[in-house]
Amino acid sequence: MSLTRNDLIERFNRLGFKNEKSTEIFEVLVELLKNSLASGDDVLIPGFGKFCVSKKGSRRGRNPATGEDLELSERKVVTFKCSEILKDKIKNFKVR
């Protein structure tokens, strides 16, 4: 099950924020993350991980529908590197 936007806003509500304020906090946070990444800056969240913008060079690819060979152009992608704290938490998580 995925944690959704509404789930996160609901958790802000449980901290005592009104729904409008919780929504605003969430939207501002997401906008800050998007703007930082779009400008090429990394986003580091201690204890969670680091979002980085990387360049992927052009490469040969194939259209899976037609089998046609094509050239995929250079592009930027967002990558995520998990913190050691989060890795340990995931590793030690007990599945029911």
# chains A, B, ... in the order shown; residues from 1 in each chain; ligands from 1
call {"tool": "select_by_dssp", "arguments": {"residues": "stretch 47-96 of chain A", "states": "helix (DSSP H, G or I)", "output": "list in words"}}
result
Glu84, Ile85, Leu86, Lys87, Asp88, Lys89, Ile90 and Lys91 of chain A
call {"tool": "residues_around", "arguments": {"residues": "A:Gly57", "least_positions_apart": "2", "cutoff": "8 Å", "atoms": "only C-alpha atoms", "output": "VMD selection string"}}
result
chain A and resid 55 59 73 to 75
call {"tool": "write_last_selection", "arguments": {"atoms": "N, CA and C atoms", "output": "PDB file, in the first residue's frame"}}
result
ATOM      1  N   LYS A  55      22.691  13.528 -15.117  1.00  0.00           N
ATOM      2  CA  LYS A  55      22.541  13.494 -16.572  1.00  0.00           C
ATOM      3  C   LYS A  55      22.703  12.066 -17.055  1.00  0.00           C
ATOM      4  N   ARG A  59      21.599   7.236 -25.846  1.00  0.00           N
ATOM      5  CA  ARG A  59      21.862   5.805 -26.012  1.00  0.00           C
ATOM      6  C   ARG A  59      20.914   5.231 -27.054  1.00  0.00           C
ATOM      7  N   SER A  73      17.653  10.463 -26.619  1.00  0.00           N
ATOM      8  CA  SER A  73      18.473  11.648 -26.406  1.00  0.00           C
ATOM      9  C   SER A  73      18.941  11.763 -24.955  1.00  0.00           C
ATOM     10  N   GLU A  74      19.952  12.613 -24.771  1.00  0.00           N
ATOM     11  CA  GLU A  74      20.462  12.897 -23.434  1.00  0.00           C
ATOM     12  C   GLU A  74      19.334  13.517 -22.617  1.00  0.00           C
ATOM     13  N   ARG A  75      19.306  13.209 -21.322  1.00  0.00           N
ATOM     14  CA  ARG A  75      18.252  13.763 -20.475  1.00  0.00           C
ATOM     15  C   ARG A  75      18.719  13.828 -19.026  1.00  0.00           C
TER      16      ARG A  75
END
call {"tool": "closest_residue", "arguments": {"among": "A:Asn92, A:Thr23, A:Ser58, A:Thr79", "to": "A:Val43", "atoms": "only C-alpha atoms"}}
result
A:Thr79
call {"tool": "atom_distance", "arguments": {"atom1": "atom CA of A:Leu33", "atom2": "atom CA of A:Phe48"}}
result
14.1 Å
call {"tool": "atom_distance", "arguments": {"atom1": "atom CA of A:Phe51", "atom2": "atom CA of A:Lys91"}}
result
20.6 Å
call {"tool": "atom_distance", "arguments": {"atom1": "atom CA of A:Asn35", "atom2": "atom CA of A:Lys76"}}
result
14.5 Å
call {"tool": "residues_around", "arguments": {"residues": "stretch 6-13 of chain A", "least_positions_apart": "5", "cutoff": "7 Å", "atoms": "only C-alpha atoms", "output": "number ranges by chain"}}
result
A: 18-19, 22-23, 26
call {"tool": "write_last_selection", "arguments": {"atoms": "N, CA and C atoms", "output": "compact mmCIF listing (two decimals), in the first residue's frame"}}
result
# COMPACT_ATOMS: atom_id res chain seq x y z
N LYS A 18 -5.11 22.56 11.18
CA LYS A 18 -6.38 22.47 10.46
C LYS A 18 -6.09 21.96 9.06
N ASN A 19 -7.10 21.38 8.41
CA ASN A 19 -6.93 20.75 7.10
C ASN A 19 -6.34 21.72 6.07
N SER A 22 -2.65 22.15 6.86
CA SER A 22 -1.94 20.91 6.54
C SER A 22 -1.71 20.80 5.04
N THR A 23 -2.75 21.12 4.26
CA THR A 23 -2.65 21.08 2.80
C THR A 23 -1.62 22.09 2.32
N PHE A 26 1.97 20.91 3.09
CA PHE A 26 2.35 19.84 2.16
C PHE A 26 2.68 20.40 0.78
call {"tool": "residues_around", "arguments": {"residues": "A:Gly47", "least_positions_apart": "3", "cutoff": "12 Å", "atoms": "only C-alpha atoms", "output": "list in words"}}
result
Leu44, Lys50, Lys81, Cys82, Ser83, Glu84, Ile85, Leu86, Lys87, Asp88 and Lys89 of chain A
call {"tool": "select_by_dssp", "arguments": {"residues": "chain A", "states": "strand (DSSP E or B)", "output": "VMD selection string"}}
result
chain A and resid 43 to 45 49 to 56 59 to 62 69 to 72 75 to 82
call {"tool": "residues_around", "arguments": {"residues": "A:Ser36", "least_positions_apart": "5", "cutoff": "12 Å", "atoms": "only C-alpha atoms", "output": "PyMOL selection string"}}
result
chain A and resi 29-31+41-44+51-53+78
call {"tool": "closest_residue", "arguments": {"among": "A:Ile45, A:Leu32, A:Val95, A:Leu3", "to": "A:Phe80", "atoms": "only C-alpha atoms"}}
result
A:Ile45
